[in-house]
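Okay, run28.cif is below, mmCIF, C-alpha atoms:
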```cif
data_my_file
#
loop_
_atom_site.label_atom_id
_atom_site.label_comp_id
_atom_site.auth_asym_id
_atom_site.auth_seq_id
_atom_site.Cartn_x
_atom_site.Cartn_y
_atom_site.Cartn_z
CA MET A 953 34.24 -15.94 -11.49
CA ASN A 954 33.07 -16.82 -14.97
CA THR A 955 32.94 -14.12 -17.62
CA PRO A 956 29.29 -13.55 -18.62
CA ASN A 957 28.23 -14.44 -22.12
CA PRO A 958 26.47 -11.36 -23.56
CA THR A 959 24.63 -13.45 -26.15
CA ARG A 960 23.12 -15.87 -23.66
CA LEU A 961 19.55 -15.12 -22.61
CA ARG A 962 18.81 -16.57 -19.21
CA SER A 963 15.30 -17.92 -19.39
CA LEU A 964 12.55 -18.97 -17.08
CA THR A 965 11.14 -22.45 -17.40
CA VAL A 966 8.84 -22.99 -20.38
CA ALA A 967 5.79 -23.18 -18.15
CA ALA A 968 6.72 -20.01 -16.30
CA ALA A 969 7.46 -18.08 -19.46
CA ALA A 970 4.18 -19.13 -21.00
CA ALA A 971 2.25 -18.05 -17.94
CA LEU A 972 4.00 -14.69 -17.77
CA ALA A 973 3.48 -14.07 -21.46
CA ALA A 974 -0.20 -14.73 -20.95
CA GLY A 975 -0.28 -12.27 -18.07
CA THR A 976 -1.66 -14.85 -15.67
CA VAL A 977 0.55 -15.75 -12.73
CA LEU A 978 4.13 -15.32 -11.59
CA VAL A 979 5.82 -18.69 -11.21
CA SER A 980 9.17 -20.33 -10.61
CA THR A 981 11.07 -23.54 -10.91
CA PRO A 982 11.73 -24.89 -7.40
CA ALA A 983 15.00 -23.49 -6.14
CA SER A 984 15.15 -25.84 -3.20
CA THR A 985 13.66 -28.99 -1.80
CA ALA A 986 14.50 -27.89 1.71
CA ALA A 987 12.79 -29.37 4.73
CA THR A 988 9.30 -28.09 5.30
CA ALA A 989 8.66 -25.16 7.58
CA THR A 990 8.35 -25.80 11.28
CA SER A 991 4.75 -24.63 11.40
CA ALA A 992 1.87 -25.19 9.04
CA THR A 993 0.26 -22.42 7.05
CA SER A 994 -3.48 -21.86 7.11
CA ALA A 995 -5.90 -23.71 4.84
CA VAL A 996 -4.80 -23.64 1.21
CA GLN A 997 -6.98 -22.25 -1.53
CA ALA A 998 -5.48 -24.24 -4.41
CA GLY A 999 -7.42 -22.44 -7.11
CA LYS A 1000 -5.59 -19.18 -6.41
CA HIS A 1001 -2.37 -20.34 -8.09
CA THR A 1002 -2.62 -22.10 -11.42
CA VAL A 1003 1.03 -22.80 -12.38
CA ALA A 1004 4.06 -24.04 -10.40
CA GLU A 1005 4.61 -22.20 -7.14
CA PRO A 1006 5.14 -18.71 -5.74
CA ILE A 1007 8.51 -17.03 -6.19
CA VAL A 1008 10.81 -16.14 -3.29
CA PHE A 1009 12.83 -12.93 -3.63
CA GLY A 1010 15.92 -12.48 -1.49
CA HIS A 1011 15.32 -8.92 -0.27
CA ARG A 1012 18.60 -7.02 -0.65
CA GLY A 1013 20.16 -10.49 -0.60
CA ALA A 1014 19.93 -12.50 2.61
CA SER A 1015 19.79 -9.28 4.58
CA GLY A 1016 18.61 -11.02 7.74
CA TYR A 1017 22.03 -12.69 7.98
CA ARG A 1018 24.56 -10.36 6.30
CA PRO A 1019 24.83 -6.60 5.76
CA GLU A 1020 22.41 -5.81 2.97
CA HIS A 1021 23.38 -5.24 -0.65
CA THR A 1022 26.76 -6.94 -0.40
CA LEU A 1023 27.99 -9.75 -2.62
CA ALA A 1024 28.07 -11.91 0.52
CA ALA A 1025 24.36 -11.22 1.14
CA TYR A 1026 23.44 -12.04 -2.46
CA ASP A 1027 25.61 -15.17 -2.47
CA LEU A 1028 23.98 -16.41 0.74
CA ALA A 1029 20.48 -15.73 -0.62
CA ILE A 1030 21.30 -17.86 -3.65
CA GLU A 1031 22.74 -20.58 -1.41
CA GLN A 1032 19.54 -20.52 0.66
CA GLY A 1033 17.45 -21.12 -2.45
CA ALA A 1034 16.03 -17.69 -3.32
CA ASP A 1035 14.60 -17.66 -6.84
CA TYR A 1036 15.52 -13.99 -7.33
CA ILE A 1037 17.89 -11.56 -5.64
CA GLU A 1038 17.19 -7.85 -5.41
CA PRO A 1039 19.82 -5.15 -5.93
CA ASP A 1040 18.53 -1.62 -5.33
CA VAL A 1041 20.48 0.71 -7.62
CA VAL A 1042 21.73 4.27 -7.20
CA SER A 1043 24.38 6.20 -9.12
CA THR A 1044 27.92 7.30 -8.36
CA LYS A 1045 29.31 10.69 -9.38
CA ASP A 1046 30.76 9.09 -12.51
CA GLY A 1047 27.49 7.43 -13.53
CA VAL A 1048 28.09 3.86 -12.35
CA LEU A 1049 25.18 1.98 -10.81
CA VAL A 1050 25.92 0.53 -7.37
CA ALA A 1051 23.80 -1.55 -5.01
CA ARG A 1052 22.56 0.48 -2.05
CA HIS A 1053 19.10 0.82 -0.53
CA GLU A 1054 19.53 4.60 -0.44
CA ASN A 1055 21.92 7.08 -1.97
CA GLU A 1056 22.55 8.37 1.57
CA ILE A 1057 25.11 5.86 2.86
CA SER A 1058 25.99 6.80 6.43
CA GLY A 1059 23.87 3.91 7.75
CA THR A 1060 25.16 1.22 5.39
CA THR A 1061 28.88 2.03 5.10
CA ASP A 1062 31.70 3.22 7.35
CA VAL A 1063 31.89 6.58 5.57
CA ALA A 1064 31.23 8.52 8.80
CA THR A 1065 34.47 7.15 10.25
CA ARG A 1066 36.59 8.21 7.29
CA PRO A 1067 38.27 11.58 7.92
CA GLU A 1068 39.22 11.93 4.28
CA PHE A 1069 35.52 12.22 3.40
CA ALA A 1070 34.38 14.40 6.31
CA ASP A 1071 33.87 17.38 4.01
CA ARG A 1072 31.44 15.40 1.85
CA LYS A 1073 28.79 15.43 4.57
CA THR A 1074 25.92 17.60 3.44
CA THR A 1075 22.16 18.11 3.55
CA LYS A 1076 20.02 17.42 0.48
CA THR A 1077 16.35 17.20 -0.31
CA ILE A 1078 15.50 13.75 -1.66
CA ASP A 1079 11.90 13.13 -2.73
CA GLY A 1080 10.80 16.16 -0.75
CA LYS A 1081 12.58 15.22 2.48
CA ALA A 1082 15.71 16.82 3.93
CA LEU A 1083 18.47 14.28 4.60
CA THR A 1084 21.89 14.90 6.10
CA GLY A 1085 24.75 12.55 5.43
CA TRP A 1086 26.96 11.27 2.64
CA PHE A 1087 25.55 10.54 -0.81
CA THR A 1088 26.69 8.16 -3.52
CA GLU A 1089 26.40 10.80 -6.22
CA ASP A 1090 29.16 12.79 -4.50
CA PHE A 1091 31.65 9.91 -4.76
CA THR A 1092 33.37 8.36 -7.74
CA LEU A 1093 33.24 4.61 -7.96
CA ALA A 1094 36.91 4.43 -7.01
CA GLU A 1095 36.19 6.44 -3.85
CA LEU A 1096 33.16 4.32 -2.94
CA LYS A 1097 35.26 1.19 -3.33
CA THR A 1098 37.46 2.35 -0.44
CA LEU A 1099 34.45 2.20 1.91
CA ARG A 1100 33.18 -0.93 3.63
CA ALA A 1101 29.62 -2.03 4.27
CA VAL A 1102 28.08 -2.15 7.75
CA GLU A 1103 24.82 -3.52 9.13
CA ARG A 1104 22.02 -0.98 8.65
CA ILE A 1105 19.94 -2.00 11.68
CA PRO A 1106 22.43 -3.28 14.29
CA GLY A 1107 19.90 -3.05 17.09
CA ASP A 1108 17.65 -5.55 15.32
CA ARG A 1109 20.41 -7.73 13.87
CA PRO A 1110 23.41 -7.58 16.19
CA ALA A 1111 24.87 -10.82 14.80
CA ASN A 1112 25.30 -9.13 11.42
CA THR A 1113 27.70 -6.60 12.90
CA ALA A 1114 30.35 -9.33 12.96
CA TYR A 1115 30.61 -8.72 9.21
CA ASN A 1116 31.01 -4.94 9.44
CA GLY A 1117 33.99 -3.79 7.45
CA HIS A 1118 34.34 -7.01 5.44
CA TYR A 1119 32.64 -6.12 2.17
CA GLN A 1120 32.78 -3.44 -0.51
CA VAL A 1121 29.85 -1.66 -2.11
CA PRO A 1122 29.22 -3.74 -5.25
CA THR A 1123 28.35 -2.40 -8.67
CA LEU A 1124 25.29 -3.70 -10.47
CA ASP A 1125 27.56 -5.39 -12.99
CA GLU A 1126 29.38 -7.18 -10.18
CA VAL A 1127 26.05 -8.48 -8.88
CA LEU A 1128 25.13 -9.71 -12.36
CA ASP A 1129 28.56 -11.33 -12.70
CA LEU A 1130 27.93 -13.14 -9.42
CA VAL A 1131 24.61 -14.45 -10.71
CA ASP A 1132 26.28 -15.68 -13.91
CA ALA A 1133 28.94 -17.48 -11.89
CA LYS A 1134 26.42 -19.05 -9.49
CA GLU A 1135 24.27 -20.22 -12.40
CA ALA A 1136 27.29 -21.90 -13.96
CA GLU A 1137 28.20 -23.45 -10.60
CA THR A 1138 24.74 -24.72 -9.64
CA GLY A 1139 22.95 -25.26 -12.94
CA ARG A 1140 20.06 -23.20 -11.61
CA THR A 1141 18.32 -20.25 -13.19
CA ILE A 1142 18.72 -17.34 -10.75
CA GLY A 1143 16.64 -14.24 -11.29
CA VAL A 1144 17.58 -10.63 -10.59
CA ALA A 1145 15.22 -7.83 -9.62
CA PRO A 1146 16.94 -4.42 -9.71
CA GLU A 1147 14.98 -1.54 -8.22
CA THR A 1148 15.58 2.02 -9.37
CA LYS A 1149 15.85 4.29 -6.32
CA HIS A 1150 14.76 7.94 -6.52
CA PRO A 1151 14.76 8.11 -10.34
CA THR A 1152 13.21 11.59 -10.47
CA TYR A 1153 15.93 12.92 -8.18
CA PHE A 1154 18.73 11.29 -10.15
CA ASP A 1155 17.28 12.67 -13.38
CA SER A 1156 17.30 16.13 -11.82
CA ILE A 1157 21.07 15.99 -11.23
CA GLY A 1158 21.95 14.56 -14.63
CA LEU A 1159 22.56 10.98 -13.48
CA SER A 1160 19.68 9.09 -15.05
CA LEU A 1161 19.41 5.50 -13.83
CA GLU A 1162 17.55 4.02 -16.77
CA GLU A 1163 20.20 4.13 -19.50
CA PRO A 1164 23.01 2.41 -17.54
CA LEU A 1165 20.51 -0.09 -16.13
CA VAL A 1166 19.30 -1.05 -19.59
CA LYS A 1167 22.88 -1.32 -20.83
CA SER A 1168 23.90 -3.64 -17.99
CA LEU A 1169 20.87 -5.90 -18.29
CA LYS A 1170 21.20 -6.23 -22.04
CA SER A 1171 24.92 -6.98 -21.77
CA HIS A 1172 24.05 -9.88 -19.47
CA GLY A 1173 21.32 -11.27 -21.72
CA LEU A 1174 18.48 -9.94 -19.59
CA GLY A 1175 16.69 -7.69 -22.05
CA GLY A 1176 13.60 -9.72 -22.93
CA LYS A 1177 10.25 -10.77 -21.49
CA ARG A 1178 11.48 -14.34 -21.01
CA ALA A 1179 14.61 -13.26 -19.14
CA ALA A 1180 14.91 -14.19 -15.47
CA ALA A 1181 14.81 -10.53 -14.51
CA VAL A 1182 12.37 -7.82 -13.52
CA ILE A 1183 12.87 -4.08 -13.03
CA GLN A 1184 11.07 -2.41 -10.12
CA SER A 1185 10.18 1.15 -9.26
CA PHE A 1186 7.93 3.05 -6.87
CA GLU A 1187 7.62 5.74 -9.53
CA VAL A 1188 5.43 5.56 -12.62
CA SER A 1189 7.09 7.69 -15.28
CA ASN A 1190 10.42 5.90 -15.29
CA LEU A 1191 8.68 2.54 -15.70
CA LYS A 1192 6.88 4.00 -18.71
CA ASP A 1193 10.26 5.13 -20.06
CA LEU A 1194 11.74 1.69 -19.42
CA ASN A 1195 8.80 0.07 -21.19
CA ARG A 1196 10.00 1.82 -24.36
CA MET A 1197 13.68 1.05 -23.73
CA ILE A 1198 13.81 -2.65 -22.86
CA GLY A 1199 11.70 -5.78 -22.99
CA THR A 1200 12.49 -6.91 -19.44
CA GLN A 1201 9.40 -7.32 -17.28
CA LEU A 1202 8.51 -4.29 -15.18
CA VAL A 1203 7.07 -4.22 -11.67
CA GLN A 1204 5.10 -1.31 -10.24
CA LEU A 1205 5.90 -1.06 -6.54
CA ILE A 1206 3.19 0.59 -4.46
CA ASP A 1207 3.84 2.01 -1.01
CA PHE A 1208 1.16 1.98 1.66
CA GLY A 1209 -0.51 5.37 1.39
CA GLY A 1210 1.01 8.53 -0.03
CA ALA A 1211 1.82 8.92 -3.72
CA PRO A 1212 4.63 8.11 -6.16
CA TYR A 1213 7.08 10.99 -6.00
CA ASP A 1214 7.13 11.60 -9.74
CA GLN A 1215 3.35 11.98 -9.65
CA VAL A 1216 3.66 14.47 -6.80
CA VAL A 1217 6.12 16.51 -8.84
CA ALA A 1218 3.92 16.33 -11.93
CA GLY A 1219 0.79 17.23 -9.95
CA THR A 1220 -1.27 14.41 -11.47
CA GLY A 1221 -3.15 13.56 -8.28
CA VAL A 1222 -2.33 9.86 -8.72
CA THR A 1223 -1.97 8.26 -5.28
CA ASN A 1224 -0.92 4.80 -4.15
CA ASP A 1225 -4.46 4.12 -2.97
CA PHE A 1226 -5.67 4.88 -6.49
CA LEU A 1227 -3.16 2.48 -8.03
CA VAL A 1228 -4.70 -0.49 -6.20
CA THR A 1229 -8.22 0.29 -7.49
CA ASP A 1230 -9.49 -1.53 -10.57
CA LYS A 1231 -8.92 1.58 -12.67
CA GLY A 1232 -5.44 2.00 -11.26
CA LEU A 1233 -4.54 -1.62 -11.94
CA ARG A 1234 -5.73 -1.31 -15.52
CA SER A 1235 -3.56 1.79 -15.93
CA ILE A 1236 -0.53 -0.11 -14.61
CA ARG A 1237 -1.11 -2.98 -17.04
CA LYS A 1238 -0.52 -0.58 -19.94
CA TYR A 1239 3.18 -0.22 -19.09
CA ALA A 1240 4.08 -2.85 -16.47
CA ASP A 1241 3.85 -6.62 -16.18
CA GLN A 1242 3.48 -7.16 -12.43
CA VAL A 1243 2.32 -5.20 -9.40
CA ALA A 1244 3.89 -5.15 -5.93
CA PRO A 1245 1.79 -3.28 -3.37
CA TYR A 1246 2.76 -3.22 0.29
CA LYS A 1247 1.47 -6.31 2.06
CA TYR A 1248 -1.15 -4.48 4.14
CA TYR A 1249 -3.13 -3.83 0.96
CA PHE A 1250 -3.68 -7.61 0.77
CA ILE A 1251 -4.11 -8.43 4.46
CA PRO A 1252 -4.23 -5.52 6.89
CA ARG A 1253 -3.22 -5.72 10.52
CA ASP A 1254 -5.97 -5.41 13.09
CA ALA A 1255 -5.70 -3.03 16.05
CA ASP A 1256 -4.32 -5.80 18.25
CA GLY A 1257 -1.48 -6.47 15.79
CA THR A 1258 -2.93 -9.70 14.39
CA LEU A 1259 -3.66 -10.41 10.74
CA GLY A 1260 -6.99 -9.09 9.55
CA GLU A 1261 -9.26 -10.40 6.81
CA PRO A 1262 -7.81 -10.72 3.30
CA THR A 1263 -8.93 -8.21 0.71
CA ASP A 1264 -9.76 -9.07 -2.89
CA LEU A 1265 -6.72 -7.26 -4.31
CA ALA A 1266 -4.95 -10.40 -5.55
CA ASP A 1267 -8.06 -11.51 -7.44
CA ARG A 1268 -8.62 -8.06 -8.91
CA ALA A 1269 -4.99 -7.79 -10.00
CA GLU A 1270 -5.19 -11.21 -11.63
CA ARG A 1271 -8.26 -10.11 -13.57
CA ALA A 1272 -6.26 -7.10 -14.74
CA GLY A 1273 -3.50 -9.42 -15.95
CA LEU A 1274 -1.03 -8.50 -13.22
CA PRO A 1275 0.75 -11.11 -11.08
CA THR A 1276 1.17 -9.90 -7.50
CA VAL A 1277 4.27 -9.53 -5.32
CA ILE A 1278 4.34 -8.48 -1.66
CA TRP A 1279 7.02 -6.97 0.57
CA THR A 1280 8.66 -7.47 2.98
CA MET A 1281 8.51 -10.63 5.09
CA ARG A 1282 10.90 -10.32 8.04
CA ALA A 1283 11.21 -13.08 10.61
CA GLU A 1284 11.98 -11.07 13.76
CA ASN A 1285 9.11 -11.01 16.26
CA LYS A 1286 8.81 -7.23 16.10
CA ASN A 1287 8.00 -7.44 12.38
CA LEU A 1288 5.48 -10.28 12.60
CA PRO A 1289 1.76 -10.31 13.37
CA ALA A 1290 1.10 -10.84 17.07
CA GLU A 1291 -0.06 -14.44 16.60
CA CYS A 1292 3.17 -15.34 14.79
CA ARG A 1293 5.62 -14.22 17.49
CA ILE A 1294 7.56 -16.74 19.55
CA GLY A 1295 8.47 -15.55 23.02
CA THR A 1296 8.82 -11.95 24.13
CA ASP A 1297 12.20 -10.95 22.69
CA PRO A 1298 11.33 -8.48 19.89
CA ILE A 1299 14.37 -9.37 17.79
CA ALA A 1300 14.15 -13.15 18.24
CA ILE A 1301 13.09 -15.17 15.21
CA GLY A 1302 9.38 -15.94 15.19
CA ASP A 1303 7.16 -18.00 12.91
CA LEU A 1304 7.53 -16.56 9.40
CA ALA A 1305 5.34 -19.29 7.88
CA CYS A 1306 2.49 -18.13 10.10
CA GLU A 1307 2.51 -14.79 8.29
CA VAL A 1308 3.42 -15.87 4.77
CA GLY A 1309 0.86 -18.69 4.53
CA PRO A 1310 -2.27 -16.53 4.65
CA TYR A 1311 -0.89 -14.26 1.91
CA LEU A 1312 -0.27 -17.24 -0.36
CA ASP A 1313 -3.75 -18.51 0.47
CA ALA A 1314 -5.10 -15.10 -0.56
CA GLY A 1315 -3.57 -15.51 -4.02
CA VAL A 1316 -0.29 -13.60 -3.81
CA ASP A 1317 2.18 -14.93 -6.39
CA ALA A 1318 5.55 -13.91 -4.91
CA PHE A 1319 7.09 -12.36 -1.82
CA PHE A 1320 10.23 -10.59 -0.69
CA THR A 1321 11.94 -11.78 2.46
CA ASP A 1322 15.07 -10.86 4.43
CA HIS A 1323 15.34 -14.54 5.41
CA PRO A 1324 15.36 -16.55 2.17
CA ASP A 1325 15.95 -19.91 3.87
CA LEU A 1326 12.77 -19.51 5.91
CA GLY A 1327 10.90 -18.12 2.92
CA VAL A 1328 11.88 -21.04 0.68
CA SER A 1329 11.00 -23.68 3.28
CA THR A 1330 7.67 -21.95 3.89
CA ARG A 1331 6.91 -21.79 0.17
CA ASP A 1332 7.90 -25.42 -0.34
CA ALA A 1333 5.71 -26.57 2.56
CA TRP A 1334 2.79 -24.55 1.21
CA VAL A 1335 3.16 -26.10 -2.23
CA ALA A 1336 3.48 -29.62 -0.76
CA ASN A 1337 0.23 -29.15 1.14
CA ARG A 1338 -1.80 -27.89 -1.81
#
```
Encoded form (structure tokens):
Amino acid sequence: MNTPNPTRLRSLTVAAAAALAAGTVLVSTPASTAATATSATSAVQAGKHTVAEPIVFGHRGASGYRPEHTLAAYDLAIEQGADYIEPDVVSTKDGVLVARHENEISGTTDVATRPEFADRKTTKTIDGKALTGWFTEDFTLAELKTLRAVERIPGDRPANTAYNGHYQVPTLDEVLDLVDAKEAETGRTIGVAPETKHPTYFDSIGLSLEEPLVKSLKSHGLGGKRAAAVIQSFEVSNLKDLNRMIGTQLVQLIDFGGAPYDQVVAGTGVTNDFLVTDKGLRSIRKYADQVAPYKYYFIPRDADGTLGEPTDLADRAERAGLPTVIWTMRAENKNLPAECRIGTDPIAIGDLACEVGPYLDAGVDAFFTDHPDLGVSTRDAWVANR
């Protein structure tokens, strides 16, 4: 693996950087010229996207094919053509950022089978919810490195269990090293999209995520607006802090309903529904560069499980100067709209393009997917048919 060059700033294409700087639309250089998707998307509204084509994020890597947040999952996502890969970050006891979807790791590692760590099992309150299990902040990095990753949802993805026990929990720096090496190998620009998990909680126990995150990104040349990197959070206050700490683009994630936990703690009354109003979008633009609401805010599901009518959220966000990102596109039948399922097996692969196409038609600029190969081929087909 190549040693990263701290002075090298990985950049987006000139066209993409110009568009982002103008606050217009999120774009990418094509990562793949893969064969077009097996089914056509709905009618294209070409005026919705003004530059290049929508970005494909490999959600937790290629998590549809490998245990999530492993170097193998990230490597496969890059191989499949994802424009960006997404490491969620949590902290170890000794303040090292590692890639896990949650700090509770009984579902994503083999910790429950390790007798030497049996006494670490405990119950904690995370973002107002009681959770019982094993937590990254109770392990040093050296201890975590003795564990091995396992498939989080084996019932949905039984094939992934063949890789249980093969991979370590990677650090954020190891993920960034992988990206550097794959860029050198392929000549591609590969973006990274770290997400801070439970920042209010980690602040409360003296393990702030922001400082080590900023240090890692800057050491890999990812500290500016033109860098091929974004930082995500479901909370508001830590994005405001990061806006003062680093130039990397920031993405406000918005869950469907409820409220950001930091706003609950602060008693501001700010809810996720408010954040997708015009006033809420304008407030986000003061500290963030992009907005990523849950996909139902853009196209809801009808009572029969089919896609409903698109809302005007993408247009309103664009007027506020915020490119839009949606999450998460998963190809198993059980996760798809009713009209996009193939057969009756709930975990069989359905027609991902059938779901993604209408969102792109509605003006969404980027999407997260567990199946980057299908996402890239869908995106490429959509662009070809514009």
With 6 Å of padding per side, what axis-aligned box (centre and edge lengths, Å, one decimal) covers all the listed atoms of segment 1071-1086 of chain A? Give it as lines of an AutoDock Vina configuration file.
```
center_x = 22.3
center_y = 14.7
center_z = 1.7
size_x = 35.1
size_y = 18.8
size_z = 20.8
```
Evaluate the PyMOL selection byres ((chain A and resi 1324) around 10) against this structure - the residues, as a PDB file with C-alpha atoms, keeping the file's coordinate frame, please.
```pdb
ATOM      1  CA  VAL A1008      10.810 -16.140  -3.290  1.00  0.00           C
ATOM      2  CA  PHE A1009      12.830 -12.930  -3.630  1.00  0.00           C
ATOM      3  CA  GLY A1010      15.920 -12.480  -1.490  1.00  0.00           C
ATOM      4  CA  HIS A1011      15.320  -8.920  -0.270  1.00  0.00           C
ATOM      5  CA  GLY A1013      20.160 -10.490  -0.600  1.00  0.00           C
ATOM      6  CA  ALA A1014      19.930 -12.500   2.610  1.00  0.00           C
ATOM      7  CA  SER A1015      19.790  -9.280   4.580  1.00  0.00           C
ATOM      8  CA  GLY A1016      18.610 -11.020   7.740  1.00  0.00           C
ATOM      9  CA  TYR A1017      22.030 -12.690   7.980  1.00  0.00           C
ATOM     10  CA  LEU A1028      23.980 -16.410   0.740  1.00  0.00           C
ATOM     11  CA  ALA A1029      20.480 -15.730  -0.620  1.00  0.00           C
ATOM     12  CA  ILE A1030      21.300 -17.860  -3.650  1.00  0.00           C
ATOM     13  CA  GLU A1031      22.740 -20.580  -1.410  1.00  0.00           C
ATOM     14  CA  GLN A1032      19.540 -20.520   0.660  1.00  0.00           C
ATOM     15  CA  GLY A1033      17.450 -21.120  -2.450  1.00  0.00           C
ATOM     16  CA  ALA A1034      16.030 -17.690  -3.320  1.00  0.00           C
ATOM     17  CA  ASP A1035      14.600 -17.660  -6.840  1.00  0.00           C
ATOM     18  CA  TYR A1036      15.520 -13.990  -7.330  1.00  0.00           C
ATOM     19  CA  ILE A1037      17.890 -11.560  -5.640  1.00  0.00           C
ATOM     20  CA  MET A1281       8.510 -10.630   5.090  1.00  0.00           C
ATOM     21  CA  ARG A1282      10.900 -10.320   8.040  1.00  0.00           C
ATOM     22  CA  PHE A1320      10.230 -10.590  -0.690  1.00  0.00           C
ATOM     23  CA  THR A1321      11.940 -11.780   2.460  1.00  0.00           C
ATOM     24  CA  ASP A1322      15.070 -10.860   4.430  1.00  0.00           C
ATOM     25  CA  HIS A1323      15.340 -14.540   5.410  1.00  0.00           C
ATOM     26  CA  ASP A1325      15.950 -19.910   3.870  1.00  0.00           C
ATOM     27  CA  LEU A1326      12.770 -19.510   5.910  1.00  0.00           C
ATOM     28  CA  GLY A1327      10.900 -18.120   2.920  1.00  0.00           C
ATOM     29  CA  VAL A1328      11.880 -21.040   0.680  1.00  0.00           C
ATOM     30  CA  SER A1329      11.000 -23.680   3.280  1.00  0.00           C
ATOM     31  CA  THR A1330       7.670 -21.950   3.890  1.00  0.00           C
TER      32      THR A1330
END
```
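The spacing separating atom CA of Glu1261 of chain A from atom CA of Gly1273 of chain A amounts to 23.5 Å.
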Pick from A:Leu1227, A:Val1308, A:Gln1215, A:Pro1252, whichever lies nearest to Arg1268 of chain A using all atoms listed in the file: A:Leu1227
Protein, DNA and RNA residues within 12 Å of (-5.1, -1.4, -11.1), only C-alpha atoms, as a ChimeraX atom specification: /A:1204-1206,1222-1245,1265-1276
Separation of atom CA of Gly1059 of chain A from atom CA of Pro1106 of chain A, in Å and rounded to one decimal: 9.8 Å
Point-to-point distance from atom CA of Val1042 of chain A to atom CA of Asp1155 of chain A, Å rounded to tenths: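 Between atom CA of Val1042 of chain A and atom CA of Asp1155 of chain A the gap is 11.3 Å.
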Close residues, Pro1019 of chain A itself excluded, 9 Å, all atoms listed in the file, min 3 positions apart in chain, as number ranges by chain: A: 1012-1016, 1022, 1024-1025, 1060, 1101-1105, 1112-1113, 1115-1116, 1119
Residues returned when the PyMOL selection byres ((chain A and resi 1181) around 7) runs on this file, as a PyMOL selection string: chain A and resi 1143-1145+1174+1179-1180+1182-1183+1200-1201
Selected residue of minimal separation from Gly1175 of chain A among A:Leu1023, A:Gly1107, A:Leu1194, A:Tyr1248, counting all atoms listed in the file: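 When distances to Gly1175 of chain A are compared using all atoms listed in the file, the smallest one comes from A:Leu1194.
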Neighbours of point (38.6, 4.0, 0.9) within 10 Å, using all atoms listed in the file, written as a list in words: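 With a cut-off of 10 Å, the residues come to Asp1062, Val1063, Arg1066, Glu1068, Phe1069, Ala1094, Glu1095, Leu1096, Lys1097, Thr1098, Leu1099, Arg1100 and Gln1120 of chain A.
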Write out, as a compact mmCIF listing (two decimals), in the frame of the given file, the residues just selected, with C-alpha atoms.
```txt
# COMPACT_ATOMS: atom_id res chain seq x y z
CA ASP A 1062 31.70 3.22 7.35
CA VAL A 1063 31.89 6.58 5.57
CA ARG A 1066 36.59 8.21 7.29
CA GLU A 1068 39.22 11.93 4.28
CA PHE A 1069 35.52 12.22 3.40
CA ALA A 1094 36.91 4.43 -7.01
CA GLU A 1095 36.19 6.44 -3.85
CA LEU A 1096 33.16 4.32 -2.94
CA LYS A 1097 35.26 1.19 -3.33
CA THR A 1098 37.46 2.35 -0.44
CA LEU A 1099 34.45 2.20 1.91
CA ARG A 1100 33.18 -0.93 3.63
CA GLN A 1120 32.78 -3.44 -0.51
```
Who sits within 10 Å of Ile1198 of chain A, all atoms listed in the file, same chain under 6 positions skipped, as an MDAnalysis selection string: chainID A and resid 1162:1163 1165:1167 1169:1170 1174:1177 1183
Output segment 1151-1160 of chain A as an mmCIF file, keeping the file's coordinate frame, making sure N, CA and C atoms are there.
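This is the output file part_35.cif:
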```cif
data_model
loop_
_atom_site.group_PDB
_atom_site.id
_atom_site.type_symbol
_atom_site.label_atom_id
_atom_site.label_comp_id
_atom_site.auth_asym_id
_atom_site.auth_seq_id
_atom_site.Cartn_x
_atom_site.Cartn_y
_atom_site.Cartn_z
ATOM 1 N N PRO A 1151 14.404 7.762 -8.955
ATOM 2 C CA PRO A 1151 14.760 8.110 -10.340
ATOM 3 C C PRO A 1151 14.501 9.570 -10.715
ATOM 4 N N THR A 1152 13.452 10.178 -10.165
ATOM 5 C CA THR A 1152 13.210 11.590 -10.470
ATOM 6 C C THR A 1152 14.360 12.447 -9.948
ATOM 7 N N TYR A 1153 14.810 12.167 -8.742
ATOM 8 C CA TYR A 1153 15.930 12.920 -8.180
ATOM 9 C C TYR A 1153 17.187 12.743 -9.030
ATOM 10 N N PHE A 1154 17.516 11.513 -9.376
ATOM 11 C CA PHE A 1154 18.730 11.290 -10.150
ATOM 12 C C PHE A 1154 18.634 11.929 -11.537
ATOM 13 N N ASP A 1155 17.453 11.931 -12.133
ATOM 14 C CA ASP A 1155 17.280 12.670 -13.380
ATOM 15 C C ASP A 1155 17.586 14.147 -13.195
ATOM 16 N N SER A 1156 17.168 14.692 -12.057
ATOM 17 C CA SER A 1156 17.300 16.130 -11.820
ATOM 18 C C SER A 1156 18.752 16.573 -11.686
ATOM 19 N N ILE A 1157 19.653 15.642 -11.374
ATOM 20 C CA ILE A 1157 21.070 15.990 -11.230
ATOM 21 C C ILE A 1157 21.910 15.426 -12.369
ATOM 22 N N GLY A 1158 21.228 15.002 -13.442
ATOM 23 C CA GLY A 1158 21.950 14.560 -14.630
ATOM 24 C C GLY A 1158 22.562 13.183 -14.528
ATOM 25 N N LEU A 1159 22.034 12.332 -13.638
ATOM 26 C CA LEU A 1159 22.560 10.980 -13.480
ATOM 27 C C LEU A 1159 21.419 9.966 -13.625
ATOM 28 N N SER A 1160 20.800 9.970 -14.781
ATOM 29 C CA SER A 1160 19.680 9.090 -15.050
ATOM 30 C C SER A 1160 20.053 7.632 -14.803
#
```
